[in-house]
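Next comes start.txt, a file with compact mmCIF, N, CA and C atoms.
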```
# COMPACT_ATOMS: atom_id res chain seq x y z
N MET S 1 -2.67 -10.52 -16.98
CA MET S 1 -1.48 -11.20 -16.55
C MET S 1 -1.86 -12.62 -16.14
N LYS S 2 -1.09 -13.57 -16.62
CA LYS S 2 -1.39 -14.96 -16.33
C LYS S 2 -0.64 -15.43 -15.10
N ASP S 3 -1.25 -16.35 -14.38
CA ASP S 3 -0.57 -16.94 -13.25
C ASP S 3 0.30 -18.08 -13.76
N GLU S 4 1.05 -18.71 -12.84
CA GLU S 4 1.97 -19.77 -13.24
C GLU S 4 1.29 -20.98 -13.86
N LYS S 5 0.03 -21.17 -13.64
CA LYS S 5 -0.69 -22.29 -14.23
C LYS S 5 -1.35 -21.91 -15.54
N GLY S 6 -1.20 -20.64 -15.95
CA GLY S 6 -1.72 -20.19 -17.23
C GLY S 6 -3.23 -20.00 -17.27
N LYS S 7 -3.85 -19.86 -16.14
CA LYS S 7 -5.30 -19.72 -16.10
C LYS S 7 -5.78 -18.31 -16.42
N GLY S 8 -4.85 -17.37 -16.53
CA GLY S 8 -5.24 -16.01 -16.90
C GLY S 8 -5.73 -15.16 -15.75
N ASP S 9 -5.58 -15.59 -14.52
CA ASP S 9 -6.01 -14.78 -13.38
C ASP S 9 -5.14 -13.54 -13.29
N THR S 10 -5.75 -12.45 -12.92
CA THR S 10 -4.99 -11.23 -12.66
C THR S 10 -4.77 -11.13 -11.16
N PHE S 11 -3.82 -10.24 -10.78
CA PHE S 11 -3.59 -10.04 -9.35
C PHE S 11 -4.87 -9.59 -8.66
N ALA S 12 -5.61 -8.70 -9.31
CA ALA S 12 -6.85 -8.20 -8.71
C ALA S 12 -7.84 -9.32 -8.47
N GLU S 13 -7.91 -10.29 -9.40
CA GLU S 13 -8.85 -11.39 -9.23
C GLU S 13 -8.45 -12.33 -8.10
N ARG S 14 -7.16 -12.38 -7.79
CA ARG S 14 -6.68 -13.28 -6.74
C ARG S 14 -6.63 -12.62 -5.37
N ARG S 15 -6.82 -11.32 -5.31
CA ARG S 15 -6.77 -10.62 -4.02
C ARG S 15 -7.91 -11.06 -3.12
N ARG S 16 -7.58 -11.13 -1.83
CA ARG S 16 -8.62 -11.43 -0.84
C ARG S 16 -9.36 -10.17 -0.42
N HIS S 17 -8.75 -9.00 -0.65
CA HIS S 17 -9.33 -7.73 -0.20
C HIS S 17 -9.42 -6.77 -1.38
N PRO S 18 -10.51 -6.04 -1.51
CA PRO S 18 -10.65 -5.06 -2.59
C PRO S 18 -9.66 -3.91 -2.41
N ARG S 19 -9.36 -3.23 -3.51
CA ARG S 19 -8.45 -2.09 -3.49
C ARG S 19 -9.16 -0.83 -3.97
N LEU S 20 -8.69 0.30 -3.48
CA LEU S 20 -9.23 1.61 -3.82
C LEU S 20 -8.13 2.40 -4.53
N PRO S 21 -8.41 3.01 -5.68
CA PRO S 21 -7.37 3.75 -6.43
C PRO S 21 -7.06 5.11 -5.81
N LEU S 22 -6.26 5.12 -4.76
CA LEU S 22 -5.89 6.35 -4.08
C LEU S 22 -4.39 6.60 -4.20
N LYS S 23 -4.03 7.86 -4.40
CA LYS S 23 -2.62 8.25 -4.40
C LYS S 23 -2.31 8.85 -3.04
N MET S 24 -1.48 8.12 -2.29
CA MET S 24 -1.11 8.54 -0.94
C MET S 24 0.40 8.46 -0.77
N LEU S 25 0.92 9.29 0.09
CA LEU S 25 2.33 9.25 0.43
C LEU S 25 2.64 7.96 1.17
N VAL S 26 3.75 7.34 0.82
CA VAL S 26 4.20 6.14 1.49
C VAL S 26 5.73 6.17 1.56
N HIS S 27 6.26 5.71 2.67
CA HIS S 27 7.70 5.49 2.81
C HIS S 27 7.90 4.00 3.00
N TYR S 28 9.02 3.49 2.48
CA TYR S 28 9.32 2.09 2.72
C TYR S 28 10.81 1.91 2.94
N LEU S 29 11.12 0.85 3.64
CA LEU S 29 12.49 0.55 4.01
C LEU S 29 12.66 -0.96 4.04
N PRO S 30 13.64 -1.49 3.32
CA PRO S 30 13.88 -2.94 3.42
C PRO S 30 14.12 -3.33 4.88
N LEU S 31 13.54 -4.43 5.29
CA LEU S 31 13.57 -4.83 6.70
C LEU S 31 14.98 -5.00 7.24
N GLU S 32 15.90 -5.46 6.40
CA GLU S 32 17.27 -5.68 6.88
C GLU S 32 18.07 -4.39 7.00
N LYS S 33 17.56 -3.30 6.45
CA LYS S 33 18.25 -2.00 6.54
C LYS S 33 17.81 -1.31 7.82
N THR S 34 18.76 -0.71 8.51
CA THR S 34 18.41 -0.05 9.77
C THR S 34 18.56 1.46 9.67
N SER S 35 19.20 1.94 8.64
CA SER S 35 19.44 3.37 8.51
C SER S 35 18.23 4.07 7.91
N ALA S 36 17.82 5.14 8.54
CA ALA S 36 16.71 5.93 8.01
C ALA S 36 17.06 6.53 6.65
N GLU S 37 18.37 6.64 6.36
CA GLU S 37 18.80 7.16 5.08
C GLU S 37 18.40 6.24 3.93
N MET S 38 18.16 4.97 4.21
CA MET S 38 17.77 4.00 3.19
C MET S 38 16.27 4.07 2.89
N ARG S 39 15.54 4.84 3.68
CA ARG S 39 14.10 4.96 3.50
C ARG S 39 13.80 5.63 2.17
N GLN S 40 12.86 5.08 1.44
CA GLN S 40 12.45 5.59 0.14
C GLN S 40 11.07 6.21 0.25
N GLU S 41 10.84 7.29 -0.47
CA GLU S 41 9.51 7.90 -0.53
C GLU S 41 8.86 7.52 -1.84
N SER S 42 7.57 7.25 -1.78
CA SER S 42 6.85 6.85 -2.97
C SER S 42 5.40 7.29 -2.84
N GLN S 43 4.56 6.77 -3.74
CA GLN S 43 3.12 7.00 -3.64
C GLN S 43 2.40 5.72 -4.00
N THR S 44 1.25 5.56 -3.38
CA THR S 44 0.42 4.40 -3.69
C THR S 44 -0.32 4.64 -5.01
N LEU S 45 -0.63 3.55 -5.67
CA LEU S 45 -1.52 3.57 -6.83
C LEU S 45 -2.89 3.07 -6.42
N ASN S 46 -2.88 2.15 -5.44
CA ASN S 46 -4.13 1.67 -4.86
C ASN S 46 -3.84 1.15 -3.47
N ILE S 47 -4.90 1.01 -2.69
CA ILE S 47 -4.75 0.56 -1.30
C ILE S 47 -5.97 -0.24 -0.89
N GLY S 48 -5.74 -1.26 -0.09
CA GLY S 48 -6.79 -2.07 0.51
C GLY S 48 -6.32 -2.52 1.87
N ILE S 49 -7.16 -3.23 2.56
CA ILE S 49 -6.81 -3.67 3.91
C ILE S 49 -5.66 -4.69 3.89
N GLY S 50 -5.47 -5.34 2.75
CA GLY S 50 -4.44 -6.37 2.65
C GLY S 50 -3.15 -5.93 2.00
N GLY S 51 -3.10 -4.70 1.44
CA GLY S 51 -1.87 -4.27 0.80
C GLY S 51 -2.04 -3.06 -0.09
N ILE S 52 -0.97 -2.76 -0.82
CA ILE S 52 -0.95 -1.61 -1.72
C ILE S 52 -0.22 -1.98 -3.01
N ALA S 53 -0.44 -1.18 -4.03
CA ALA S 53 0.47 -1.12 -5.17
C ALA S 53 1.09 0.26 -5.09
N MET S 54 2.40 0.34 -5.34
CA MET S 54 3.09 1.62 -5.25
C MET S 54 4.13 1.74 -6.35
N ARG S 55 4.50 2.97 -6.63
CA ARG S 55 5.60 3.24 -7.56
C ARG S 55 6.90 3.20 -6.80
N SER S 56 7.98 2.88 -7.52
CA SER S 56 9.29 2.84 -6.89
C SER S 56 10.36 3.17 -7.91
N ASP S 57 11.40 3.84 -7.45
CA ASP S 57 12.57 4.09 -8.28
C ASP S 57 13.55 2.92 -8.18
N ARG S 58 13.22 1.97 -7.35
CA ARG S 58 14.12 0.86 -7.06
C ARG S 58 13.39 -0.45 -7.29
N GLU S 59 14.07 -1.39 -7.92
CA GLU S 59 13.50 -2.72 -8.09
C GLU S 59 13.62 -3.47 -6.77
N LEU S 60 12.53 -4.09 -6.34
CA LEU S 60 12.54 -4.87 -5.11
C LEU S 60 12.32 -6.34 -5.47
N ALA S 61 12.96 -7.21 -4.72
CA ALA S 61 12.84 -8.64 -4.97
C ALA S 61 11.52 -9.18 -4.44
N VAL S 62 10.91 -10.06 -5.20
CA VAL S 62 9.70 -10.74 -4.75
C VAL S 62 10.04 -11.50 -3.47
N ASN S 63 9.16 -11.41 -2.49
CA ASN S 63 9.30 -12.00 -1.16
C ASN S 63 10.26 -11.24 -0.25
N GLU S 64 10.77 -10.10 -0.69
CA GLU S 64 11.58 -9.25 0.18
C GLU S 64 10.65 -8.62 1.22
N TYR S 65 11.12 -8.57 2.45
CA TYR S 65 10.33 -7.96 3.53
C TYR S 65 10.72 -6.50 3.68
N ILE S 66 9.70 -5.65 3.79
CA ILE S 66 9.91 -4.21 3.92
C ILE S 66 9.00 -3.67 5.03
N VAL S 67 9.38 -2.52 5.55
CA VAL S 67 8.53 -1.79 6.49
C VAL S 67 7.93 -0.63 5.71
N VAL S 68 6.61 -0.52 5.75
CA VAL S 68 5.90 0.51 5.01
C VAL S 68 5.25 1.47 6.00
N ASP S 69 5.43 2.76 5.76
CA ASP S 69 4.74 3.80 6.51
C ASP S 69 3.72 4.44 5.57
N LEU S 70 2.43 4.29 5.90
CA LEU S 70 1.34 4.91 5.15
C LEU S 70 0.98 6.22 5.82
N PHE S 71 0.62 7.22 5.03
CA PHE S 71 0.25 8.52 5.58
C PHE S 71 -1.18 8.82 5.16
N ILE S 72 -2.11 8.65 6.09
CA ILE S 72 -3.53 8.83 5.83
C ILE S 72 -3.93 10.24 6.23
N PRO S 73 -4.55 10.97 5.31
CA PRO S 73 -4.89 12.36 5.59
C PRO S 73 -6.01 12.49 6.61
N PRO S 74 -6.06 13.65 7.28
CA PRO S 74 -7.15 13.91 8.23
C PRO S 74 -8.48 14.02 7.48
N GLU S 75 -9.56 13.87 8.19
CA GLU S 75 -10.90 13.86 7.58
C GLU S 75 -11.18 15.11 6.74
N ASN S 76 -10.68 16.25 7.15
CA ASN S 76 -10.98 17.49 6.41
C ASN S 76 -10.24 17.59 5.08
N LYS S 77 -9.39 16.62 4.76
CA LYS S 77 -8.67 16.63 3.49
C LYS S 77 -8.92 15.36 2.68
N ARG S 78 -10.07 14.75 2.89
CA ARG S 78 -10.38 13.49 2.22
C ARG S 78 -11.41 13.64 1.10
N ASP S 79 -11.47 14.79 0.48
CA ASP S 79 -12.45 14.99 -0.58
C ASP S 79 -11.85 14.81 -1.97
N THR S 80 -10.75 14.15 -2.06
CA THR S 80 -10.07 13.90 -3.32
C THR S 80 -9.53 12.48 -3.33
N MET S 81 -9.22 11.97 -4.50
CA MET S 81 -8.60 10.65 -4.61
C MET S 81 -7.08 10.78 -4.70
N ASN S 82 -6.56 12.02 -4.74
CA ASN S 82 -5.13 12.26 -4.83
C ASN S 82 -4.68 13.02 -3.60
N PHE S 83 -4.34 12.29 -2.55
CA PHE S 83 -3.94 12.92 -1.29
C PHE S 83 -2.53 13.48 -1.35
N MET S 84 -1.74 13.07 -2.36
CA MET S 84 -0.38 13.58 -2.49
C MET S 84 -0.40 15.10 -2.65
N ALA S 85 -1.43 15.62 -3.30
CA ALA S 85 -1.50 17.05 -3.60
C ALA S 85 -2.00 17.88 -2.43
N VAL S 86 -2.68 17.28 -1.47
CA VAL S 86 -3.36 18.08 -0.45
C VAL S 86 -2.93 17.80 0.98
N CYS S 87 -2.09 16.83 1.20
CA CYS S 87 -1.79 16.46 2.58
C CYS S 87 -0.29 16.30 2.83
N PRO S 88 0.34 17.29 3.42
CA PRO S 88 1.74 17.12 3.81
C PRO S 88 1.87 16.03 4.87
N GLU S 89 3.00 15.38 4.88
CA GLU S 89 3.25 14.27 5.79
C GLU S 89 2.94 14.62 7.25
N ALA S 90 3.33 15.81 7.68
CA ALA S 90 3.15 16.22 9.08
C ALA S 90 1.68 16.27 9.50
N GLU S 91 0.76 16.44 8.55
CA GLU S 91 -0.67 16.53 8.88
C GLU S 91 -1.37 15.18 8.84
N CYS S 92 -0.69 14.15 8.41
CA CYS S 92 -1.31 12.85 8.20
C CYS S 92 -1.17 11.93 9.42
N HIS S 93 -2.05 10.95 9.47
CA HIS S 93 -1.96 9.88 10.46
C HIS S 93 -1.05 8.81 9.87
N SER S 94 0.00 8.45 10.57
CA SER S 94 0.98 7.48 10.08
C SER S 94 0.67 6.08 10.59
N ILE S 95 0.72 5.12 9.68
CA ILE S 95 0.55 3.70 10.02
C ILE S 95 1.78 2.95 9.54
N THR S 96 2.41 2.21 10.42
CA THR S 96 3.59 1.42 10.06
C THR S 96 3.20 -0.04 9.96
N VAL S 97 3.60 -0.67 8.84
CA VAL S 97 3.18 -2.04 8.55
C VAL S 97 4.37 -2.88 8.09
N GLN S 98 4.56 -4.03 8.74
CA GLN S 98 5.52 -5.01 8.23
C GLN S 98 4.88 -5.61 6.98
N SER S 99 5.64 -5.69 5.88
CA SER S 99 5.05 -6.08 4.61
C SER S 99 5.99 -6.98 3.81
N ARG S 100 5.42 -7.55 2.74
CA ARG S 100 6.17 -8.43 1.85
C ARG S 100 5.92 -7.99 0.42
N VAL S 101 6.98 -7.97 -0.39
CA VAL S 101 6.84 -7.66 -1.81
C VAL S 101 6.22 -8.88 -2.49
N ALA S 102 5.03 -8.71 -3.05
CA ALA S 102 4.33 -9.80 -3.72
C ALA S 102 4.73 -9.89 -5.19
N TRP S 103 4.97 -8.73 -5.81
CA TRP S 103 5.40 -8.70 -7.20
C TRP S 103 6.07 -7.37 -7.50
N CYS S 104 6.86 -7.34 -8.55
CA CYS S 104 7.56 -6.13 -8.98
C CYS S 104 7.60 -6.14 -10.50
N SER S 105 7.08 -5.08 -11.12
CA SER S 105 7.03 -5.00 -12.58
C SER S 105 7.67 -3.71 -13.07
N PRO S 106 8.49 -3.79 -14.13
CA PRO S 106 9.03 -2.56 -14.71
C PRO S 106 7.87 -1.71 -15.23
N PHE S 107 8.01 -0.40 -15.07
CA PHE S 107 6.95 0.52 -15.48
C PHE S 107 7.47 1.36 -16.65
N VAL S 108 8.36 2.26 -16.37
CA VAL S 108 9.08 3.03 -17.38
C VAL S 108 10.55 2.95 -17.00
N GLU S 109 11.41 3.56 -17.78
CA GLU S 109 12.85 3.43 -17.53
C GLU S 109 13.21 3.73 -16.07
N LYS S 110 13.80 2.74 -15.43
CA LYS S 110 14.25 2.82 -14.03
C LYS S 110 13.14 3.13 -13.04
N LYS S 111 11.92 2.76 -13.37
CA LYS S 111 10.76 2.91 -12.47
C LYS S 111 10.04 1.57 -12.42
N TYR S 112 9.43 1.29 -11.29
CA TYR S 112 8.77 0.01 -11.08
C TYR S 112 7.43 0.22 -10.39
N ILE S 113 6.54 -0.73 -10.58
CA ILE S 113 5.32 -0.81 -9.80
C ILE S 113 5.46 -2.04 -8.92
N ILE S 114 5.24 -1.85 -7.63
CA ILE S 114 5.46 -2.89 -6.63
C ILE S 114 4.14 -3.26 -5.98
N GLY S 115 3.84 -4.54 -5.95
CA GLY S 115 2.70 -5.04 -5.21
C GLY S 115 3.15 -5.45 -3.82
N VAL S 116 2.51 -4.91 -2.80
CA VAL S 116 2.93 -5.11 -1.42
C VAL S 116 1.80 -5.75 -0.63
N GLU S 117 2.10 -6.83 0.07
CA GLU S 117 1.14 -7.49 0.94
C GLU S 117 1.45 -7.12 2.39
N PHE S 118 0.44 -6.65 3.12
CA PHE S 118 0.62 -6.34 4.53
C PHE S 118 0.71 -7.65 5.31
N ILE S 119 1.70 -7.74 6.18
CA ILE S 119 1.92 -8.95 6.97
C ILE S 119 1.53 -8.75 8.43
N ASP S 120 1.99 -7.65 9.02
CA ASP S 120 1.75 -7.42 10.45
C ASP S 120 1.48 -5.94 10.69
N MET S 121 0.31 -5.67 11.30
CA MET S 121 -0.11 -4.30 11.58
C MET S 121 -0.72 -4.27 12.98
N ALA S 122 -0.42 -3.24 13.73
CA ALA S 122 -1.02 -3.08 15.06
C ALA S 122 -2.54 -3.03 14.94
N ALA S 123 -3.23 -3.58 15.91
CA ALA S 123 -4.69 -3.65 15.89
C ALA S 123 -5.33 -2.26 15.74
N ALA S 124 -4.79 -1.26 16.44
CA ALA S 124 -5.34 0.09 16.34
C ALA S 124 -5.17 0.65 14.93
N ASP S 125 -4.03 0.37 14.31
CA ASP S 125 -3.79 0.83 12.94
C ASP S 125 -4.70 0.12 11.95
N LEU S 126 -4.91 -1.17 12.15
CA LEU S 126 -5.82 -1.93 11.29
C LEU S 126 -7.24 -1.34 11.37
N HIS S 127 -7.68 -1.04 12.58
CA HIS S 127 -9.00 -0.44 12.78
C HIS S 127 -9.09 0.91 12.07
N TYR S 128 -8.05 1.74 12.21
CA TYR S 128 -8.02 3.05 11.57
C TYR S 128 -8.09 2.92 10.05
N LEU S 129 -7.30 1.99 9.49
CA LEU S 129 -7.30 1.77 8.04
C LEU S 129 -8.65 1.25 7.56
N GLN S 130 -9.25 0.33 8.31
CA GLN S 130 -10.58 -0.18 7.94
C GLN S 130 -11.60 0.96 7.90
N ALA S 131 -11.59 1.80 8.91
CA ALA S 131 -12.54 2.91 8.97
C ALA S 131 -12.30 3.87 7.81
N PHE S 132 -11.05 4.15 7.50
CA PHE S 132 -10.72 5.04 6.38
C PHE S 132 -11.24 4.46 5.07
N LEU S 133 -11.00 3.18 4.81
CA LEU S 133 -11.44 2.56 3.56
C LEU S 133 -12.96 2.48 3.48
N GLN S 134 -13.63 2.28 4.61
CA GLN S 134 -15.08 2.21 4.60
C GLN S 134 -15.72 3.55 4.27
N GLU S 135 -15.01 4.64 4.50
CA GLU S 135 -15.51 5.95 4.09
C GLU S 135 -15.72 6.01 2.58
N TYR S 136 -14.95 5.22 1.86
CA TYR S 136 -15.04 5.18 0.40
C TYR S 136 -15.88 3.99 -0.08
N LYS S 137 -16.64 3.42 0.84
CA LYS S 137 -17.57 2.33 0.53
C LYS S 137 -16.86 1.10 -0.02
N ILE S 138 -15.69 0.80 0.55
CA ILE S 138 -14.96 -0.40 0.17
C ILE S 138 -15.18 -1.43 1.27
N PRO S 139 -16.13 -2.33 1.11
CA PRO S 139 -16.36 -3.35 2.13
C PRO S 139 -15.23 -4.37 2.09
N ASP S 140 -14.92 -4.95 3.20
CA ASP S 140 -13.90 -5.98 3.26
C ASP S 140 -14.53 -7.27 3.74
N PRO S 141 -14.71 -8.24 2.85
CA PRO S 141 -15.40 -9.47 3.21
C PRO S 141 -14.64 -10.32 4.23
N ILE S 142 -13.33 -10.17 4.30
CA ILE S 142 -12.54 -10.96 5.24
C ILE S 142 -12.56 -10.33 6.63
N ALA S 143 -12.24 -9.02 6.69
CA ALA S 143 -12.17 -8.35 7.98
C ALA S 143 -13.53 -8.11 8.58
N GLY S 144 -14.54 -7.97 7.73
CA GLY S 144 -15.90 -7.76 8.24
C GLY S 144 -16.13 -6.34 8.68
N PRO S 145 -17.32 -6.05 9.19
CA PRO S 145 -17.62 -4.68 9.65
C PRO S 145 -16.86 -4.35 10.92
N LEU S 146 -16.77 -3.06 11.18
CA LEU S 146 -16.07 -2.60 12.40
C LEU S 146 -16.87 -2.88 13.63
```
Let me see the file written as structure tokens.
Amino acid sequence: MKDEKGKGDTFAERRRHPRLPLKMLVHYLPLEKTSAEMRQESQTLNIGIGGIAMRSDRELAVNEYIVVDLFIPPENKRDTMNFMAVCPEAECHSITVQSRVAWCSPFVEKKYIIGVEFIDMAAADLHYLQAFLQEYKIPDPIAGPL
């Protein structure tokens, strides 16, 4: 995918933080919506300290602000790259993150892949996410070691 200057950079090449190809449960809600009924359930395609890529049944506007709830499985269920199959929401550690839609691409009919940048996360949640990602040997050059 080319950037606006035509240099051929991909999103992955422009990321400040590495991503891990994990399928995890995620809920999201447009920031201006207040009803829990508007909350959408999805799954991540990848995750890093700076954001996620996720599937969506709904097209989201670039630069739209959303609230994302990530569901990180307990340590005893982390022996797979597909947490959707082994970790019900009630057993997971939930992290809520204010986020921004960085990009939105059609995937298949009425399905989209959404690139999400994390904007604001509680310090304790950031620490938890860093520790989780480091279990998979994903160093973060920006955030540094714990």
With a distance cut-off of 7 Å and only N, CA and C atoms, select the neighbouring residues of segment 60-67 of chain S, excluding the residue or stretch itself and same-chain residues fewer than 3 positions from it, and output the selection as a PyMOL selection string.
chain S and resi 27-32+96-104
Print the selection's residues with N, CA and C atoms to a file, as an mmCIF file, in the frame of the given file.
```cif
data_model
loop_
_atom_site.group_PDB
_atom_site.id
_atom_site.type_symbol
_atom_site.label_atom_id
_atom_site.label_comp_id
_atom_site.auth_asym_id
_atom_site.auth_seq_id
_atom_site.Cartn_x
_atom_site.Cartn_y
_atom_site.Cartn_z
ATOM 1 N N HIS S 27 6.260 5.710 2.670
ATOM 2 C CA HIS S 27 7.700 5.490 2.810
ATOM 3 C C HIS S 27 7.900 4.000 3.000
ATOM 4 N N TYR S 28 9.020 3.490 2.480
ATOM 5 C CA TYR S 28 9.320 2.090 2.720
ATOM 6 C C TYR S 28 10.810 1.910 2.940
ATOM 7 N N LEU S 29 11.120 0.850 3.640
ATOM 8 C CA LEU S 29 12.490 0.550 4.010
ATOM 9 C C LEU S 29 12.660 -0.960 4.040
ATOM 10 N N PRO S 30 13.640 -1.490 3.320
ATOM 11 C CA PRO S 30 13.880 -2.940 3.420
ATOM 12 C C PRO S 30 14.120 -3.330 4.880
ATOM 13 N N LEU S 31 13.540 -4.430 5.290
ATOM 14 C CA LEU S 31 13.570 -4.830 6.700
ATOM 15 C C LEU S 31 14.980 -5.000 7.240
ATOM 16 N N GLU S 32 15.900 -5.460 6.400
ATOM 17 C CA GLU S 32 17.270 -5.680 6.880
ATOM 18 C C GLU S 32 18.070 -4.390 7.000
ATOM 19 N N THR S 96 2.410 2.210 10.420
ATOM 20 C CA THR S 96 3.590 1.420 10.060
ATOM 21 C C THR S 96 3.200 -0.040 9.960
ATOM 22 N N VAL S 97 3.600 -0.670 8.840
ATOM 23 C CA VAL S 97 3.180 -2.040 8.550
ATOM 24 C C VAL S 97 4.370 -2.880 8.090
ATOM 25 N N GLN S 98 4.560 -4.030 8.740
ATOM 26 C CA GLN S 98 5.520 -5.010 8.230
ATOM 27 C C GLN S 98 4.880 -5.610 6.980
ATOM 28 N N SER S 99 5.640 -5.690 5.880
ATOM 29 C CA SER S 99 5.050 -6.080 4.610
ATOM 30 C C SER S 99 5.990 -6.980 3.810
ATOM 31 N N ARG S 100 5.420 -7.550 2.740
ATOM 32 C CA ARG S 100 6.170 -8.430 1.850
ATOM 33 C C ARG S 100 5.920 -7.990 0.420
ATOM 34 N N VAL S 101 6.980 -7.970 -0.390
ATOM 35 C CA VAL S 101 6.840 -7.660 -1.810
ATOM 36 C C VAL S 101 6.220 -8.880 -2.490
ATOM 37 N N ALA S 102 5.030 -8.710 -3.050
ATOM 38 C CA ALA S 102 4.330 -9.800 -3.720
ATOM 39 C C ALA S 102 4.730 -9.890 -5.190
ATOM 40 N N TRP S 103 4.970 -8.730 -5.810
ATOM 41 C CA TRP S 103 5.400 -8.700 -7.200
ATOM 42 C C TRP S 103 6.070 -7.370 -7.500
ATOM 43 N N CYS S 104 6.860 -7.340 -8.550
ATOM 44 C CA CYS S 104 7.560 -6.130 -8.980
ATOM 45 C C CYS S 104 7.600 -6.140 -10.500
#
```
In file coordinates, which residues lie within 12 Å of (-10.0, 5.8, 8.6) using only C-alpha atoms, given as a short mmCIF file (atom, residue, chain, number, x, y, z; two decimals) with N, CA and C atoms, in the coordinates of the input?
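File out29.cif, as written:
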```
data_model
loop_
_atom_site.label_atom_id
_atom_site.label_comp_id
_atom_site.auth_asym_id
_atom_site.auth_seq_id
_atom_site.Cartn_x
_atom_site.Cartn_y
_atom_site.Cartn_z
N GLY S 48 -5.74 -1.26 -0.09
CA GLY S 48 -6.79 -2.07 0.51
C GLY S 48 -6.32 -2.52 1.87
N ILE S 49 -7.16 -3.23 2.56
CA ILE S 49 -6.81 -3.67 3.91
C ILE S 49 -5.66 -4.69 3.89
N LEU S 70 2.43 4.29 5.90
CA LEU S 70 1.34 4.91 5.15
C LEU S 70 0.98 6.22 5.82
N PHE S 71 0.62 7.22 5.03
CA PHE S 71 0.25 8.52 5.58
C PHE S 71 -1.18 8.82 5.16
N ILE S 72 -2.11 8.65 6.09
CA ILE S 72 -3.53 8.83 5.83
C ILE S 72 -3.93 10.24 6.23
N PRO S 73 -4.55 10.97 5.31
CA PRO S 73 -4.89 12.36 5.59
C PRO S 73 -6.01 12.49 6.61
N PRO S 74 -6.06 13.65 7.28
CA PRO S 74 -7.15 13.91 8.23
C PRO S 74 -8.48 14.02 7.48
N GLU S 75 -9.56 13.87 8.19
CA GLU S 75 -10.90 13.86 7.58
C GLU S 75 -11.18 15.11 6.74
N ASN S 76 -10.68 16.25 7.15
CA ASN S 76 -10.98 17.49 6.41
C ASN S 76 -10.24 17.59 5.08
N ARG S 78 -10.07 14.75 2.89
CA ARG S 78 -10.38 13.49 2.22
C ARG S 78 -11.41 13.64 1.10
N CYS S 92 -0.69 14.15 8.41
CA CYS S 92 -1.31 12.85 8.20
C CYS S 92 -1.17 11.93 9.42
N HIS S 93 -2.05 10.95 9.47
CA HIS S 93 -1.96 9.88 10.46
C HIS S 93 -1.05 8.81 9.87
N SER S 94 0.00 8.45 10.57
CA SER S 94 0.98 7.48 10.08
C SER S 94 0.67 6.08 10.59
N ILE S 95 0.72 5.12 9.68
CA ILE S 95 0.55 3.70 10.02
C ILE S 95 1.78 2.95 9.54
N ALA S 124 -4.79 -1.26 16.44
CA ALA S 124 -5.34 0.09 16.34
C ALA S 124 -5.17 0.65 14.93
N ASP S 125 -4.03 0.37 14.31
CA ASP S 125 -3.79 0.83 12.94
C ASP S 125 -4.70 0.12 11.95
N LEU S 126 -4.91 -1.17 12.15
CA LEU S 126 -5.82 -1.93 11.29
C LEU S 126 -7.24 -1.34 11.37
N HIS S 127 -7.68 -1.04 12.58
CA HIS S 127 -9.00 -0.44 12.78
C HIS S 127 -9.09 0.91 12.07
N TYR S 128 -8.05 1.74 12.21
CA TYR S 128 -8.02 3.05 11.57
C TYR S 128 -8.09 2.92 10.05
N LEU S 129 -7.30 1.99 9.49
CA LEU S 129 -7.30 1.77 8.04
C LEU S 129 -8.65 1.25 7.56
N GLN S 130 -9.25 0.33 8.31
CA GLN S 130 -10.58 -0.18 7.94
C GLN S 130 -11.60 0.96 7.90
N ALA S 131 -11.59 1.80 8.91
CA ALA S 131 -12.54 2.91 8.97
C ALA S 131 -12.30 3.87 7.81
N PHE S 132 -11.05 4.15 7.50
CA PHE S 132 -10.72 5.04 6.38
C PHE S 132 -11.24 4.46 5.07
N LEU S 133 -11.00 3.18 4.81
CA LEU S 133 -11.44 2.56 3.56
C LEU S 133 -12.96 2.48 3.48
N GLN S 134 -13.63 2.28 4.61
CA GLN S 134 -15.08 2.21 4.60
C GLN S 134 -15.72 3.55 4.27
N GLU S 135 -15.01 4.64 4.50
CA GLU S 135 -15.51 5.95 4.09
C GLU S 135 -15.72 6.01 2.58
N TYR S 136 -14.95 5.22 1.86
CA TYR S 136 -15.04 5.18 0.40
C TYR S 136 -15.88 3.99 -0.08
N LYS S 137 -16.64 3.42 0.84
CA LYS S 137 -17.57 2.33 0.53
C LYS S 137 -16.86 1.10 -0.02
N ILE S 138 -15.69 0.80 0.55
CA ILE S 138 -14.96 -0.40 0.17
C ILE S 138 -15.18 -1.43 1.27
N LEU S 146 -16.77 -3.06 11.18
CA LEU S 146 -16.07 -2.60 12.40
C LEU S 146 -16.87 -2.88 13.63
#
```
Nearest candidate to Val26 of chain S (options S:Ile47, S:Ala123, S:Val68, S:Ile52; using all atoms listed in the file)
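Smallest distance to Val26 of chain S is found for S:Val68.
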Grab the atom N of Val116 of chain S to atom N of Lys77 of chain S distance for me, in Å with one decimal place.
25.7 Å
So how many Å separate atom N of Met38 of chain S and atom CA of Arg19 of chain S, to one decimal?
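Atom N of Met38 of chain S sits 28.6 Å away from atom CA of Arg19 of chain S.
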